[in-house]
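**Student:** Structure incoming, see below.
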Amino acid sequence: MTEVTFMKKLIYLLLLCWISNDLLAQQSFPVNGVHDERESSYAFTNATIFTQYNKKIENATLLIREGRVEAVGAGVTIPKEAITIDLKGKYIYPSFIDIYSNYGLPEPKKSERKWSDPPQFISKKKGAYNWNEAIHPEYNAFENFSANEEKAKVYREIGFGTVLSHQKDGIARGSGVLALVGGGKDHEIILKDKASAHYSFRKGNSGQNYPSSLMGSIALLKQTFYDADWYKAAKYTEEYNISLDSWNQLEELPQIMEVRDLLTILRADKLGDEFNVQYTIKANGHEYKRLEAIKATNATLIVPLKYPKAYDVEDPLNALNVSLADMKHWELAPSNAAKLAEAGVKFALTPADLKDMKDFNGNLQKAIKKGLSHEDALKALTQTPAQIVNSYDQVGSLEKGKVANFLITSDSLFTKDCKVYQNWIRGKKYELKKMETTDLAGAYQLKIGKYTNDLEIEGKPDKQKAAIRINDSTKVSVHHHVDEKAISLHFNTAKDSLLKTKLSDGFVRLSGWMDDDNKNWQGRGQLANGEWVEWTAKYKGEVKKDEKKEDKAKDEKKGKDKEKDSDKAKKDEKPGDITYPFIAYGWTEKPTAEAVLFQNATVWTNEEDGILTETDVLIENGKVKAIGEDLEVGAGTKKVDARGKHLTSGIIDEHSHIAISRGVNEGSQASSAEVSIADVVNSEDINIYRQLAGGVTSAQLLHGSANPIGGQSAIIKFRWGLTPEEMKFENADPFIKFALGENVKQSNWGDNNTVRFPQTRMGVEQVYIDHFTRALEYEKAKNNNKNGKPFRRDLELETLLQIINKERFITCHSYVQSEITMLMRVAEQFGFNINTFTHILEGYKIADKMQKHGVAGSTFSDWWAYKYEVIDAIPHNGTIMHEMGVVTSFNSDDAEMGRRLNQEAAKAVKYGGLSEEEAWKFVTLNPAKMLHLDDRVGSIKVGKDADMVLWSDNPLSIYAKAEQTYVDGICYFDLEQDAILRKQINEERNRLVQKMLKIKKGGGETQKPMPKRAKHYHCDTMGE
Amino acid sequence: MKKTILYILITFLFIGTNYAQDAYVPVPGAAPQGETILYGGTAHIGNGKVIENSLIILEDGKIKSINTATIPPKAGNVINIKGKHVYPGLIAANTTLGLSEIGAVRATRDYQEVGSINPNIRSIIAYNTDSKVTPTVRSNGVLIAQVVPQGGRVSGQSSIVNLDAWNYEDATYKADDAIYLSWPGITSYNWEKEAFEKNKNYNKALDGIRELFTQAMSYCDNDAPTNTNLKLAAMCGLFSNSKKLFVRADGAKEIIAAVNFLKEYDLDIVIVGGRDAWMVTDLLTENKVAVVLNKTHNLPRYADDDIDLPFRMPKMLQDAGVLYCISVGAGWDGFWDQRNLAFEAGTAAAYGLTAEEALASITSNAARILGIDKTLGTLEVGKDATLIVSEGDILDMRTSNIQMAFIQGRTMNTDNKQKQLYRKFMKKYELEASPKQ
């Protein structure tokens, strides 16, 4: 045998296999009765076929057999056994794919734990599963999948043929199954068993306390990555773990992450970057608000088409409950998809999140109206979702060998009048709307009894209109109905006097049948007066064109009017600007660093020079350039007359909980060193702007105080409008929050919370010693790990090790002197120092010990009496600590107080008589020192960051207002600009209110505006 | 001789560095003999007027005279306060002072009784004159407080106390001055859905209020009711206008509803909270309804709001002619934070009010609203000698330094536990304590 012959034979053999497989379609089921297998080969001819979202073939044929596409194109030979369906004038499209479904899956099991039950620390799931109930990658959707005809029908009606289904519960959710929403039984409709792996940041039905915050979810995912990596080598030898096993098996699949808010898209992508995973991200429809940052992730998105209803703003007081951001989102949400497409973001569209899936097509129409091209829409529903799950070889287009999933439509898809007649899935027809193929267009001679006139029928087959032509200018419309060969007509003679006299006054009703080619009709009918008559209609030819002239002219005029209307509408409809952040007081034009000369100010330098009067300060390129008298500057420098005003460096809040998303405490365990506020910075918090107005330029965003070892903090600059990552203080030393006392003992948490260790201050000490000891042992194991034994990277212990190695610094929530001393001693035992005690209300009692240890104190000015451990708090605390040589600051821990820290500083003058200059340092230079940032901020010194505030008065005075606040030389708050913004907010609100009122008046659906709860976190705020 | 000793003693107190003893609870002041003369201070009358270089004579617990000082007084118990400022004692409306000692410790909380309709509950009997918190509040100038029960639909009756007393009967300035009613919210928060929704119980709550007031009215009209009903009997003062009805309401809708609903009973109504009062000033002035505003040191409710909205609310009410006072409120910090009352007013002064208007909002206005303006709230002849002397402007923490206080002529000890702890530890560290404490 030559090689060629062999190859031929092989091909033949392979071909045979392929064909036989296809033809016989064997299955494993016994049959009760006589086998009824059909070849099911169809040829759809003369159609306009979109084989791909961007590939259109006119007058083409689609040939399918056994549920798959056999051929498609213009010159397809139709085998004689194929059933031919003529689709002249019709369109064929690949049917849609929903990539974010839970179709066919059972409801996830809810934990039996009630919120009032004691905390649950580990999983209650029996078997060798993960320690955390929210991590269940072992869940396979395909094992639990079963078709659901009721839901399938809805899917088919809105044009879908394929879904990727997974159980929407938990953080690691397991695999998704790619399946069809029709076309056979369960065994026939699964296209891919493990098509995808799914994740989210919500623990869902897990009854476990951990994680209780977004940062906890992120940390849990990170740790699981490391656990799974370790497990690759540790399987059996160290432990057997079904969940980690499954996690590793899912590694090769497309990774899909669900997020519920805009910024979490960025967080998800950042997490992926850390572990070399490019997530496909299920977004939430707000992406247009941060398009640039979203694009930079390079992630493919899965975008829901969920739009809010207009708000019922008829009552102006109730309308106040709707924020400008919500109003603007109402207006802009439908343009989200178009904006993503325009920006070149790859995305799939999904009906997920819709309360009623039937709203999908309407919402898609809205997206198209806002500029989403038909091509992009189709791509987002076919090719892109198919590619996300690497299944474009199966679905998403109509090409040889692919599953025969397609739609037959009356018009170009997505046009207004387009009807979807049939949705074919795996070669099986599902009729959605009867397809009218009978074409009756033409002029007929209509005879009713003795009366004769012309009947004209015009339009496309499924929307043809009939009328009796009285004369050039008059027609009487006739309702006609065709069912196979039967036809019925009726019309009202009252519309024409001649008709009325000939056929009596009222409705004439005719019923009859058509001949083979539908050209001759006949039958019986009844006139308005009840008289029975015979009737006929004979085809005469096409409707004469000149008869339409007048109508055409009319139409044209109408068209022009319409255009005018739409122009006007467009003008009215010019949507609002996108602001950064997308809430009130956001900017539309990014502010930039200017060269500014402040002239003749009272300058609080916080340096040796002290407070200088009548002094000029020049800032340039974000830095302090010069300080002096009568500084000379170039023409491009903005001059600010600061006479009578005070210029200071910006306020730094050592202890803040603003600008944090979904939870400030991961308090579910005694230690949560692995979590980080840096993962959940919320750049869209109005309190950033409010505090800029209070002269704050930087803050340490701290984890709460619910556990002895809290979480890592984030230090941000108040760069209003920028993204979370852009807000972070560059190259700042890393910090972590610890906490002591009543909060970590859960003293005030109610009777259910009496089981978590520790419950006393005695236990708190042991938590520290235990954890640091373990961290050292961990380090030892890590360094001695030379024998190839699998090593599990532990994020919690790594963090603690950083502390011991003086690479991370502790800010510790503290109240009473005993615990403060204890922690200093524990630190000393492990060879490091506590960096800062925060709150530190009894610091004054041991200020000497603190000074000796070298720890700073960041306290409240005058809070006390709210719990037992603050019973000895005194407002002179700051002054005493300062006088004892402790670096001292006042912090806020409170969104409200955060914007009045200048006033709080003044309390150090009031209570204990500190000098104004030193008091001012309590909120500027001293917190900068605590954060190791005093080389860059905290004073006005040449070369330092131009983070500064121009005050109307002595900054310690209650009468002082921040007139301008600069960060990096960029003016992020200006009192005059603020007045303009207020006006704009009001105008924009009003524009949108008027628009929504029109919607309501026009009968549109609205929703009641309800108040919203602003989330303000404190140390002890639990949950999200 | 006696007078000289007293003078020396007062001078020491006034200097503030030397204390006879560091007792955690300072001893209440005793009634002085004869006249006390304050000479040379700037007197802020509390009604908008200011007398520079004033001469104030106190006698028998009253202000005997107040004038511009023409010549220095030669004889008598003269206290030279040149360069300093005199103010009426500050009045804290709507507090839990003396009813709560440590917020988180249940045993020390005495402000909320079980049940929803508790008009018979009286705060005065639980008022703790020995609270360690009170001296820290009064040493910042707050000398009078309205102590208010919390919770439920009708929380109970408040009483007005002076903050320097041996026991509650001693402290009582006006017992049972008002009944506190919490107006139901038109919307309510659904914790499960984490969203506000229409309050399904709103109408039921209104019916409950109507039934209570109608039945109380009928009960109080009945000269000889068969059965004594403590709850209804407690409300009789409302209908004779000897007691006021303080209604907690923040939203504009709730304020509108409350004012209109309660009109028919012809009561003396005060709105407490009043977050949206500035939106309905016409309603308030037409119906002569006063407002006890909560904290100016507050965040705007919504992101869209003017960022300084809470700071400007007093000014808006002032301009609209609404009678209002500023309070710290009775929230989680409604006792210890009363010491910042003057600064709540100070912020209002920074945002529109004149300094004297801001002062009025915590003195004369408060006195009028609490119905004690005949004897308190201003430095006017015949009124109580309840006043404070500060080194500087009390509205500004930068300058506030209360050095002397009199309650009905009695010299109040401005010392407190916190100052004592300050001195104790300054001494331990061998540091010199500042006169500013």
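Every chain in the structure tokens has a letter given in the order shown (A, B, ...), and although residue numbers restart at 1 in each chain, ligands are simply numbered from 1 in the order shown.
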With only C-alpha atoms considered, list every residue of chain B at most 8 Å from chain A, as JSON, numbers by chain.
**Tutor:** {"B": [101, 102, 103, 104, 105, 133, 187, 195, 196, 197, 198, 252, 253, 297, 298, 299, 301, 302, 303, 304, 306, 307, 332, 333, 336, 337, 343, 346, 347, 349, 350, 395, 396, 397, 398, 399, 400, 401, 418, 419, 421, 422, 425, 426, 429, 433, 434, 435, 436, 437]}
**Student:** At a cut-off of 10 Å, using only C-alpha atoms, what residues contact A:Gly704? Leave out same-chain residues fewer than 2 positions from it and give the result as a short mmCIF file (atom, residue, chain, number, x, y, z; two decimals) with C-alpha atoms, in the first residue's frame.
**Tutor:**
```
data_model
loop_
_atom_site.label_atom_id
_atom_site.label_comp_id
_atom_site.auth_asym_id
_atom_site.auth_seq_id
_atom_site.Cartn_x
_atom_site.Cartn_y
_atom_site.Cartn_z
CA HIS A 655 -7.36 56.65 61.73
CA SER A 656 -10.12 56.76 59.18
CA HIS A 657 -12.76 54.35 57.90
CA GLY A 663 -16.94 46.01 55.34
CA VAL A 664 -14.29 47.46 57.57
CA ASN A 665 -13.97 44.43 59.85
CA GLU A 666 -13.09 40.86 59.05
CA GLY A 667 -13.83 40.16 62.66
CA ILE A 677 -8.12 47.46 53.22
CA LEU A 701 -7.84 53.70 56.07
CA LEU A 702 -7.84 51.18 58.84
CA ALA A 706 -13.25 43.53 66.09
CA ASN A 707 -10.28 41.21 66.58
CA ILE A 709 -5.04 41.04 64.90
CA GLY A 710 -7.05 42.98 62.38
CA GLY A 711 -6.13 43.64 58.80
CA SER A 713 -4.42 49.22 56.11
CA LYS A 737 -4.35 47.29 62.55
CA PHE A 738 -4.30 45.51 65.89
CA ALA A 739 -6.89 45.98 68.60
CA ASN A 743 -14.16 45.11 71.07
CA HIS A 813 -6.59 50.28 68.86
CA ASP A 893 -12.34 57.29 63.33
CA TYR A 1017 -18.00 52.80 59.25
CA HIS A 1018 -16.49 53.00 62.68
CA CYS A 1019 -14.01 50.72 64.37
CA ASP A 1020 -16.70 48.44 65.64
CA THR A 1021 -18.94 48.27 62.58
CA MET A 1022 -19.51 44.62 61.74
#
```
**Student:** Identify, on the basis of only C-alpha atoms, every residue whose closest approach to stretch 26-37 of chain B does not exceed 9 Å; exclude the query and any residue fewer than 3 positions from it along the same chain; express the result as a count of residues only.
**Tutor:** 34
**Student:** At a cut-off of 8 Å, using only C-alpha atoms, what residues contact B:Thr172? Leave out same-chain residues fewer than 2 positions from it and give the result as a PyMOL selection string.
**Tutor:** chain B and resi 124+159-162+168-170+174-175
**Student:** Take the residues from that selection and put them in a file with C-alpha atoms, as a PDB file, in the first residue's frame.
**Tutor:**
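File written: result-v5.pdb
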```pdb
ATOM      1  CA  ILE B 124     -36.286  63.184  87.049  1.00  0.00           C
ATOM      2  CA  SER B 159     -37.387  67.418  83.439  1.00  0.00           C
ATOM      3  CA  ILE B 160     -35.125  70.416  83.594  1.00  0.00           C
ATOM      4  CA  VAL B 161     -32.261  70.333  86.055  1.00  0.00           C
ATOM      5  CA  ASN B 162     -29.397  72.496  87.136  1.00  0.00           C
ATOM      6  CA  TYR B 168     -32.418  65.167  92.205  1.00  0.00           C
ATOM      7  CA  GLU B 169     -34.888  67.194  94.156  1.00  0.00           C
ATOM      8  CA  ASP B 170     -32.185  69.743  94.664  1.00  0.00           C
ATOM      9  CA  LYS B 174     -38.731  72.340  86.342  1.00  0.00           C
ATOM     10  CA  ALA B 175     -40.097  68.863  86.877  1.00  0.00           C
TER      11      ALA B 175
END
```
**Student:** What is the distance between atom CA of A:Tyr430 and atom CA of A:Ala348, in Å to one decimal?
**Tutor:**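 Value for the atom CA of A:Tyr430-atom CA of A:Ala348 distance: 24.3 Å.
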**Student:** So that I can see what lies close to stretch 267-275 of chain B, please list as a PyMOL selection string the residues with an atom at most 10 Å from it, counting only C-alpha atoms and leaving out residues fewer than 6 positions away in the same chain.
**Tutor:** chain B and resi 93-94+178-183+237-252+254-255+258-259+284+287-296+300-301+309-310+313+323-330+369-370
**Student:** Rank nothing, just name the residue among A:Lys328, A:Ala234, A:Tyr210, A:Thr648 nearest to A:Met996, using only C-alpha atoms.
**Tutor:** A:Lys328
**Student:** DSSP on the backbone: what in stretch 237-309 of chain B comes out helix (DSSP H, G or I), as a list in words?
**Tutor:**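 The helix (DSSP H, G or I) subset of stretch 237-309 of chain B is Gly237, Leu238, Phe239, Ala252, Lys253, Glu254, Ile255, Ile256, Ala257, Ala258, Val259, Asn260, Phe261, Leu262, Lys263, Glu264, Tyr265, Ala277, Trp278, Met279, Thr281, Asp282, Leu283, Leu284, Thr285, Glu286 and Leu309 of chain B.
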**Student:** Keeping only N, CA and C atoms, write those residues as a JSON list (two decimals), in the first residue's frame.
**Tutor:**
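What landed in result.json:
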```json
[["chain", "number", "residue", "atom", "x", "y", "z"],
["B", 237, "GLY", "N", -51.52, 67.60, 81.58],
["B", 237, "GLY", "CA", -50.78, 68.87, 81.48],
["B", 237, "GLY", "C", -50.63, 69.36, 80.06],
["B", 238, "LEU", "N", -50.64, 68.44, 79.11],
["B", 238, "LEU", "CA", -50.51, 68.84, 77.71],
["B", 238, "LEU", "C", -51.69, 69.69, 77.27],
["B", 239, "PHE", "N", -52.88, 69.28, 77.72],
["B", 239, "PHE", "CA", -54.09, 69.95, 77.23],
["B", 239, "PHE", "C", -54.31, 71.29, 77.93],
["B", 252, "ALA", "N", -38.96, 66.01, 56.35],
["B", 252, "ALA", "CA", -39.94, 67.06, 56.06],
["B", 252, "ALA", "C", -41.35, 66.50, 56.10],
["B", 253, "LYS", "N", -41.52, 65.32, 55.53],
["B", 253, "LYS", "CA", -42.85, 64.70, 55.48],
["B", 253, "LYS", "C", -43.37, 64.42, 56.88],
["B", 254, "GLU", "N", -42.46, 63.95, 57.71],
["B", 254, "GLU", "CA", -42.86, 63.62, 59.08],
["B", 254, "GLU", "C", -43.20, 64.89, 59.85],
["B", 255, "ILE", "N", -42.42, 65.94, 59.64],
["B", 255, "ILE", "CA", -42.69, 67.20, 60.34],
["B", 255, "ILE", "C", -44.05, 67.75, 59.90],
["B", 256, "ILE", "N", -44.27, 67.72, 58.61],
["B", 256, "ILE", "CA", -45.55, 68.21, 58.08],
["B", 256, "ILE", "C", -46.70, 67.41, 58.70],
["B", 257, "ALA", "N", -46.52, 66.09, 58.69],
["B", 257, "ALA", "CA", -47.58, 65.22, 59.22],
["B", 257, "ALA", "C", -47.81, 65.50, 60.70],
["B", 258, "ALA", "N", -46.73, 65.61, 61.45],
["B", 258, "ALA", "CA", -46.86, 65.78, 62.90],
["B", 258, "ALA", "C", -47.55, 67.10, 63.23],
["B", 259, "VAL", "N", -47.10, 68.17, 62.61],
["B", 259, "VAL", "CA", -47.66, 69.48, 62.94],
["B", 259, "VAL", "C", -49.14, 69.53, 62.59],
["B", 260, "ASN", "N", -49.48, 69.03, 61.40],
["B", 260, "ASN", "CA", -50.88, 69.09, 60.99],
["B", 260, "ASN", "C", -51.77, 68.15, 61.80],
["B", 261, "PHE", "N", -51.23, 67.00, 62.10],
["B", 261, "PHE", "CA", -51.99, 66.01, 62.84],
["B", 261, "PHE", "C", -52.32, 66.50, 64.25],
["B", 262, "LEU", "N", -51.33, 67.13, 64.88],
["B", 262, "LEU", "CA", -51.48, 67.49, 66.29],
["B", 262, "LEU", "C", -52.20, 68.83, 66.49],
["B", 263, "LYS", "N", -52.43, 69.51, 65.37],
["B", 263, "LYS", "CA", -53.08, 70.83, 65.44],
["B", 263, "LYS", "C", -54.38, 70.78, 66.23],
["B", 264, "GLU", "N", -55.18, 69.77, 65.95],
["B", 264, "GLU", "CA", -56.53, 69.74, 66.52],
["B", 264, "GLU", "C", -56.54, 69.65, 68.04],
["B", 265, "TYR", "N", -55.42, 69.23, 68.63],
["B", 265, "TYR", "CA", -55.41, 69.10, 70.09],
["B", 265, "TYR", "C", -54.95, 70.38, 70.78],
["B", 277, "ALA", "N", -36.23, 70.66, 58.89],
["B", 277, "ALA", "CA", -37.07, 71.80, 59.30],
["B", 277, "ALA", "C", -36.90, 72.98, 58.35],
["B", 278, "TRP", "N", -35.71, 73.14, 57.83],
["B", 278, "TRP", "CA", -35.46, 74.28, 56.93],
["B", 278, "TRP", "C", -36.30, 74.23, 55.66],
["B", 279, "MET", "N", -36.84, 73.06, 55.35],
["B", 279, "MET", "CA", -37.66, 72.95, 54.14],
["B", 279, "MET", "C", -39.11, 73.36, 54.40],
["B", 281, "THR", "N", -40.26, 75.85, 56.76],
["B", 281, "THR", "CA", -40.26, 76.94, 57.75],
["B", 281, "THR", "C", -41.60, 77.67, 57.80],
["B", 282, "ASP", "N", -42.28, 77.76, 56.65],
["B", 282, "ASP", "CA", -43.59, 78.44, 56.66],
["B", 282, "ASP", "C", -44.56, 77.73, 57.59],
["B", 283, "LEU", "N", -44.56, 76.43, 57.48],
["B", 283, "LEU", "CA", -45.44, 75.63, 58.33],
["B", 283, "LEU", "C", -45.12, 75.89, 59.80],
["B", 284, "LEU", "N", -43.84, 75.96, 60.10],
["B", 284, "LEU", "CA", -43.41, 76.10, 61.49],
["B", 284, "LEU", "C", -43.74, 77.49, 62.03],
["B", 285, "THR", "N", -43.51, 78.51, 61.23],
["B", 285, "THR", "CA", -43.80, 79.86, 61.72],
["B", 285, "THR", "C", -45.31, 80.08, 61.82],
["B", 286, "GLU", "N", -46.05, 79.61, 60.83],
["B", 286, "GLU", "CA", -47.51, 79.79, 60.87],
["B", 286, "GLU", "C", -48.12, 79.14, 62.10],
["B", 309, "LEU", "N", -24.48, 71.69, 54.65],
["B", 309, "LEU", "CA", -25.90, 71.84, 55.00],
["B", 309, "LEU", "C", -26.16, 71.80, 56.50]]
```
**Student:** As a ChimeraX atom specification, list the residues of stretch 32-210 of chain B assigned to strand (DSSP E) by DSSP on the backbone atoms of this structure.
**Tutor:** /B:36-39,42-44,50-51,54-59,62-68,77-80,85-88,90-95,142-147,154-162,172-182,187-190,195-198
**Student:** Keeping C-alpha atoms, export the residues of the selection given above as a PDB file, in the first residue's frame.
**Tutor:**
```
ATOM      1  CA  THR B  36     -21.224  89.261  94.228  1.00  0.00           C
ATOM      2  CA  ILE B  37     -19.927  91.809  91.777  1.00  0.00           C
ATOM      3  CA  LEU B  38     -18.458  90.884  88.417  1.00  0.00           C
ATOM      4  CA  TYR B  39     -16.502  93.791  87.097  1.00  0.00           C
ATOM      5  CA  THR B  42     -17.707  91.716  78.201  1.00  0.00           C
ATOM      6  CA  ALA B  43     -21.258  90.642  78.893  1.00  0.00           C
ATOM      7  CA  HIS B  44     -23.006  88.654  76.205  1.00  0.00           C
ATOM      8  CA  VAL B  50     -23.364  92.894  74.291  1.00  0.00           C
ATOM      9  CA  ILE B  51     -22.171  95.149  77.093  1.00  0.00           C
ATOM     10  CA  SER B  54     -19.847  95.465  82.291  1.00  0.00           C
ATOM     11  CA  LEU B  55     -20.713  95.600  85.927  1.00  0.00           C
ATOM     12  CA  ILE B  56     -22.923  92.751  87.049  1.00  0.00           C
ATOM     13  CA  ILE B  57     -24.263  92.503  90.542  1.00  0.00           C
ATOM     14  CA  LEU B  58     -25.620  89.217  91.792  1.00  0.00           C
ATOM     15  CA  GLU B  59     -27.675  88.902  94.924  1.00  0.00           C
ATOM     16  CA  LYS B  62     -30.589  86.709  90.988  1.00  0.00           C
ATOM     17  CA  ILE B  63     -29.054  89.290  88.738  1.00  0.00           C
ATOM     18  CA  LYS B  64     -29.592  92.453  90.679  1.00  0.00           C
ATOM     19  CA  SER B  65     -28.204  94.753  88.051  1.00  0.00           C
ATOM     20  CA  ILE B  66     -26.217  94.731  84.872  1.00  0.00           C
ATOM     21  CA  ASN B  67     -24.769  97.879  83.381  1.00  0.00           C
ATOM     22  CA  THR B  68     -21.746  99.364  81.749  1.00  0.00           C
ATOM     23  CA  ASN B  77     -17.188  90.985  96.923  1.00  0.00           C
ATOM     24  CA  VAL B  78     -15.747  92.184  93.659  1.00  0.00           C
ATOM     25  CA  ILE B  79     -14.354  89.842  91.070  1.00  0.00           C
ATOM     26  CA  ASN B  80     -12.331  91.513  88.413  1.00  0.00           C
ATOM     27  CA  HIS B  85     -16.429  87.248  78.709  1.00  0.00           C
ATOM     28  CA  VAL B  86     -19.629  86.626  80.611  1.00  0.00           C
ATOM     29  CA  TYR B  87     -22.428  84.520  79.216  1.00  0.00           C
ATOM     30  CA  PRO B  88     -25.701  83.151  80.482  1.00  0.00           C
ATOM     31  CA  LEU B  90     -25.714  77.311  78.544  1.00  0.00           C
ATOM     32  CA  ILE B  91     -28.861  75.236  78.318  1.00  0.00           C
ATOM     33  CA  ALA B  92     -28.731  71.725  76.893  1.00  0.00           C
ATOM     34  CA  ALA B  93     -32.104  70.662  75.560  1.00  0.00           C
ATOM     35  CA  ASN B  94     -32.822  67.015  74.872  1.00  0.00           C
ATOM     36  CA  THR B  95     -30.072  65.098  76.689  1.00  0.00           C
ATOM     37  CA  VAL B 142     -23.569  73.969  80.310  1.00  0.00           C
ATOM     38  CA  LEU B 143     -25.392  74.685  83.563  1.00  0.00           C
ATOM     39  CA  ILE B 144     -28.950  73.652  82.753  1.00  0.00           C
ATOM     40  CA  ALA B 145     -30.153  70.486  81.048  1.00  0.00           C
ATOM     41  CA  GLN B 146     -33.390  68.966  79.926  1.00  0.00           C
ATOM     42  CA  VAL B 147     -33.109  65.302  80.832  1.00  0.00           C
ATOM     43  CA  VAL B 154     -44.238  58.073  73.899  1.00  0.00           C
ATOM     44  CA  SER B 155     -40.990  57.941  75.829  1.00  0.00           C
ATOM     45  CA  GLY B 156     -42.111  59.735  78.966  1.00  0.00           C
ATOM     46  CA  GLN B 157     -41.590  63.046  80.642  1.00  0.00           C
ATOM     47  CA  SER B 158     -38.476  65.129  80.665  1.00  0.00           C
ATOM     48  CA  SER B 159     -37.387  67.418  83.439  1.00  0.00           C
ATOM     49  CA  ILE B 160     -35.125  70.416  83.594  1.00  0.00           C
ATOM     50  CA  VAL B 161     -32.261  70.333  86.055  1.00  0.00           C
ATOM     51  CA  ASN B 162     -29.397  72.496  87.136  1.00  0.00           C
ATOM     52  CA  THR B 172     -34.912  70.017  89.766  1.00  0.00           C
ATOM     53  CA  TYR B 173     -35.479  73.273  87.973  1.00  0.00           C
ATOM     54  CA  LYS B 174     -38.731  72.340  86.342  1.00  0.00           C
ATOM     55  CA  ALA B 175     -40.097  68.863  86.877  1.00  0.00           C
ATOM     56  CA  ASP B 176     -41.976  67.050  84.157  1.00  0.00           C
ATOM     57  CA  ASP B 177     -41.737  69.950  81.744  1.00  0.00           C
ATOM     58  CA  ALA B 178     -42.624  67.994  78.645  1.00  0.00           C
ATOM     59  CA  ILE B 179     -43.695  64.704  77.145  1.00  0.00           C
ATOM     60  CA  TYR B 180     -41.576  63.240  74.340  1.00  0.00           C
ATOM     61  CA  LEU B 181     -43.288  61.622  71.391  1.00  0.00           C
ATOM     62  CA  SER B 182     -41.471  59.929  68.499  1.00  0.00           C
ATOM     63  CA  THR B 187     -40.605  54.901  55.475  1.00  0.00           C
ATOM     64  CA  SER B 188     -38.882  52.207  57.465  1.00  0.00           C
ATOM     65  CA  TYR B 189     -35.690  50.263  57.002  1.00  0.00           C
ATOM     66  CA  ASN B 190     -35.934  46.624  56.092  1.00  0.00           C
ATOM     67  CA  ALA B 195     -33.380  48.938  51.884  1.00  0.00           C
ATOM     68  CA  PHE B 196     -35.965  51.429  52.947  1.00  0.00           C
ATOM     69  CA  GLU B 197     -39.554  50.724  52.149  1.00  0.00           C
ATOM     70  CA  LYS B 198     -42.914  52.251  52.874  1.00  0.00           C
TER      71      LYS B 198
END
```
